[in-house]
Amino acid sequence: MRGLQLPLSQTQRIRLQRAFEKLQSLSSKANSDASVTVADTIPVNYEDAFLKGHGTTDLNGELVATVCGVVERINKLVYVRGLRARYKPEVGDIVVGRVVEVAQKRWRLEINFSQDAILMLSSMNMPDGIQRRRTALDELNMRGIFEENDVVCAEVRNFQHDGSLQLQARSQKYGKLEKGQLLIIDPYLVKKSKSHFHHLEQFGIDLILGRNGFIWVGEHVETRDGMVVDQANSSEQSMVLEEKNQTHTPLEMRQNICRIANAVRVLSTLGFSMDADLIMETVELSSSLKIDIHDMIGSEFHVLVAEREAERRSLMGKRRR
Amino acid sequence: MVGLSVGEKHFIQGGIAQDLRSDGRKRLTYRPIYVETGVIPQAHGSERVRLGATDVIASVKAELGKPSALQPDKGKIAIYVDCSPTAAPMFEVVFALAGRGGEELSTELSLALQRCLLGGKSGAGAGIDPASLVVVEGKVCWDLYIDGLVISSEGICSMPLPLLLSNTGIPKVDVEAETKGDDQPEVSISDEEFLQFDTSGIPVVVTITKVGRHYIVDATSEEESQMCSAVSISVNRKGHICGVTKRGGAGLDPSIILDMISVAKHASEQLINKLASEIAAAEASEEES
């Protein structure tokens, strides 16, 4: 059990430990994940052909770890994933980033990678929606689209030859994110799945699980049809800015946003993979038990979630058999 | 500190206005506080307190010394807070450049603590009664050294003051023989018996941050970036104000400060109860282990 920084009472500690042990025993992998430190031997069946991945090295005929982390096995690949590793991007990943700099014809975004990612002006849809060549005027008006510290959702396009990352935000579902909060968790908790954009209808909330560990929870924004070019639209936009200064998010939506955000926080503290279904279940668990939003980050709820997850996985395992 | 977009700032301000902060807390609710006692075995009392991302270790060491000539019936107390360079990147960077970085914050915190714990120059209104520290009047007294180490800090304003003295045991002292005149009396320090320190007068520091038109306690670093100003008020168990420090931000109307003081009194009650229960739990778990 990790050193959870929670004020746990004695009984809570025991319950949590039991839940974690149950989860470990249910882990379906043959040579279950082991945590290793530098120079620990990795338990591998040497007769099988396997590939040595990152964080491992061959020492005196044995496979030895070179970083502190957890052993991951994917098919024949054996590698060690560092505990506080940065995000490892793949082409096509959805990421959420923060603009750190507005440079010539591009924005630099921070995405928890070893370098800042680049979003070219040409990889971004223009506000008026017309597909055209970017002029010098567009370049001067870049700040009107994204400013420093804006939260942006984009997709990984490719890697440059020098190792830096290029993003694109061509579709309507990408773009600036407002009216919500950004949560930062470990990147390995967000696994690749079919969809990272979740529109939770019953709450009217957008949940975006960025693969770099940045999770956005916010009010639902209708994806505007970019083809509609209107004078009325632009005047509407300037009105909206003024209105924003007066209207806040309604209380009920805010409560839902906070509940979902706390569910994400709890799951990340316990180290469970982020999944929209799991998040929704956690939210339902908290509202069914009438737990106050703030108490969701208390110790009792953490223990409940861990126990519930252990139960759920054991049920799933039984169903498979 | 990470910057925030306009939308996020607006969200935070709206939350505070509607009494529902980003993690669901009310304006006057604290985050869970994690207390461990007895982390430094060589000290007479020590504690480690975690609140959010802020991590502070505090310890009390007691030594026998001679009271000052001006106040022969009182013991001496020295308070010092050290911000380690690992506490926040800004400490480290400035530390390297000017060698001073964390020192400014250290002195500011030390002074603030001294003011609220030690009271005025004459010793009046002190949280710890120095008169209880004297062993033989005029000759021997206890010197208390209270040290704090900030391991990591999230926002300057969210430094909790640990009620560490609650588990400090001052060794019982037996005076050997009566000596006359200026001779130093012989004292033997008992290793077994400890006198529990009287901690009912010790204040708690509550930092009230003003965001827009509302006050919050225990601000996270994001909320702090939105603050107009912050005031740290130390209140003791009886509800008396032991010290007021205004930290940064814009100027304040005097009526607002009075307002904040009343809010602090209210918030301190629940904080004192919470800390007391946490410390009791920590001591209980320490005894078991």
# chains A, B, ... in the order shown; residues from 1 in each chain; ligands from 1

call {"tool": "closest_atom_pairs", "arguments": {"of": "chain A", "to": "chain B", "cutoff": "10 Å", "atoms": "only C-alpha atoms", "output": "tab-separated table"}}
result
residue	atom	partner	partner_atom	distance
A:Gln5	CA	B:Tyr34	CA	6.9
A:Leu6	CA	B:Tyr34	CA	6.3
A:Pro7	CA	B:Tyr34	CA	5.1
A:Leu8	CA	B:Tyr34	CA	8.8
A:Ser9	CA	B:Ala281	CA	7.6
A:Gln10	CA	B:Ser285	CA	7.8
A:Arg98	CA	B:Ser5	CA	8.5
A:Val99	CA	B:Ser5	CA	9.1
A:Val100	CA	B:Gly3	CA	8.8
A:Phe146	CA	B:Ser5	CA	9.9
A:Glu147	CA	B:Ser5	CA	8.2
A:Glu148	CA	B:Ser5	CA	7.5
A:Asn149	CA	B:Ser5	CA	4.8
A:Asp150	CA	B:Ser5	CA	4.6
A:Val151	CA	B:Ser5	CA	6.6
A:Lys176	CA	B:Gly7	CA	9.5
A:Leu177	CA	B:Gly7	CA	7.7
A:Glu178	CA	B:Gly7	CA	4.5
A:Lys179	CA	B:Gly7	CA	5.2
A:Gly180	CA	B:Glu8	CA	6.1
A:Gln181	CA	B:Glu8	CA	6.1
A:Leu182	CA	B:Glu8	CA	8.0
A:Gly218	CA	B:Phe11	CA	9.5
A:Lys244	CA	B:His10	CA	8.2
A:Asn245	CA	B:His10	CA	7.9
A:Gln246	CA	B:Gly14	CA	9.6
A:Thr247	CA	B:Gly14	CA	8.6
A:His248	CA	B:Gly14	CA	5.5
A:Thr249	CA	B:Gly14	CA	6.9
A:Pro250	CA	B:Gln18	CA	8.9
A:Leu251	CA	B:Gln18	CA	7.0
A:Arg254	CA	B:Gly15	CA	7.6
A:Gln255	CA	B:Gly24	CA	7.3
A:Asn256	CA	B:Gly24	CA	9.6
A:Ile257	CA	B:Ser22	CA	8.4
A:Cys258	CA	B:Gly24	CA	5.6
A:Arg259	CA	B:Gly24	CA	7.2
A:Ile260	CA	B:Asp23	CA	9.6
A:Ala261	CA	B:Asp23	CA	7.1
A:Asn262	CA	B:Asp23	CA	6.2
A:Ala263	CA	B:Asp23	CA	9.9
A:Arg265	CA	B:Asp23	CA	9.1
A:Asp292	CA	B:Gly24	CA	8.1
A:Ile293	CA	B:Gly24	CA	5.0
A:His294	CA	B:Gly24	CA	4.5
A:Asp295	CA	B:Gly24	CA	8.2
A:Met296	CA	B:Gly24	CA	8.5
A:Ile297	CA	B:Asp23	CA	8.1
A:Gly298	CA	B:Pro32	CA	6.6
A:Ser299	CA	B:Pro32	CA	8.5

call {"tool": "residues_around", "arguments": {"residues": "Lys265 of chain B", "least_positions_apart": "5", "cutoff": "9 Å", "atoms": "only C-alpha atoms", "output": "list in words"}}
result
Val206, Ile233, Ser234, Val235, Asn236, Gly239, His240, Ile241 and Met260 of chain B

call {"tool": "select_by_dssp", "arguments": {"residues": "segment 49-203 of chain A", "states": "strand (DSSP E)", "output": "number ranges by chain"}}
result
A: 51-52, 56-59, 62-65, 69-74, 77-82, 94-103, 106-110, 117-124, 151-159, 165-169, 175-177, 180-184, 197-200

call {"tool": "residues_around", "arguments": {"residues": "segment 138-145 of chain B", "least_positions_apart": "2", "cutoff": "8 Å", "atoms": "only C-alpha atoms", "output": "PyMOL selection string"}}
result
chain B and resi 60-69+72-80+133-136+147+184-185

call {"tool": "residues_around", "arguments": {"residues": "Ser106 of chain B", "least_positions_apart": "2", "cutoff": "8 Å", "atoms": "only C-alpha atoms", "output": "list in words"}}
result
Tyr80, Val81, Asp82, Cys83, Gly102, Glu103, Glu104, Glu108, Leu109 and Ser110 of chain B

call {"tool": "closest_residue", "arguments": {"among": "B:Leu113, B:Pro130, B:Gly243, B:Leu149", "to": "Pro85 of chain B", "atoms": "only C-alpha atoms"}}
result
B:Leu149

call {"tool": "residues_around", "arguments": {"residues": "Asp48 of chain A", "least_positions_apart": "4", "cutoff": "12 Å", "atoms": "only C-alpha atoms", "output": "VMD selection string"}}
result
chain A and resid 44 75 to 78

call {"tool": "write_last_selection", "arguments": {"atoms": "N, CA and C atoms", "output": "PDB file, in the first residue's frame"}}
result
ATOM      1  N   VAL A  44      11.356 -13.051 -15.021  1.00  0.00           N
ATOM      2  CA  VAL A  44      10.972 -13.355 -16.402  1.00  0.00           C
ATOM      3  C   VAL A  44      11.251 -14.820 -16.639  1.00  0.00           C
ATOM      4  N   ASN A  75       2.406  -8.284 -24.369  1.00  0.00           N
ATOM      5  CA  ASN A  75       2.814  -9.378 -25.237  1.00  0.00           C
ATOM      6  C   ASN A  75       4.209  -9.844 -24.855  1.00  0.00           C
ATOM      7  N   LYS A  76       5.193  -9.638 -25.744  1.00  0.00           N
ATOM      8  CA  LYS A  76       6.521 -10.134 -25.401  1.00  0.00           C
ATOM      9  C   LYS A  76       7.428  -9.038 -24.871  1.00  0.00           C
ATOM     10  N   LEU A  77       6.892  -7.818 -24.795  1.00  0.00           N
ATOM     11  CA  LEU A  77       7.730  -6.707 -24.379  1.00  0.00           C
ATOM     12  C   LEU A  77       7.692  -6.573 -22.871  1.00  0.00           C
ATOM     13  N   VAL A  78       8.853  -6.486 -22.260  1.00  0.00           N
ATOM     14  CA  VAL A  78       8.964  -6.295 -20.817  1.00  0.00           C
ATOM     15  C   VAL A  78       9.683  -4.970 -20.598  1.00  0.00           C
TER      16      VAL A  78
END
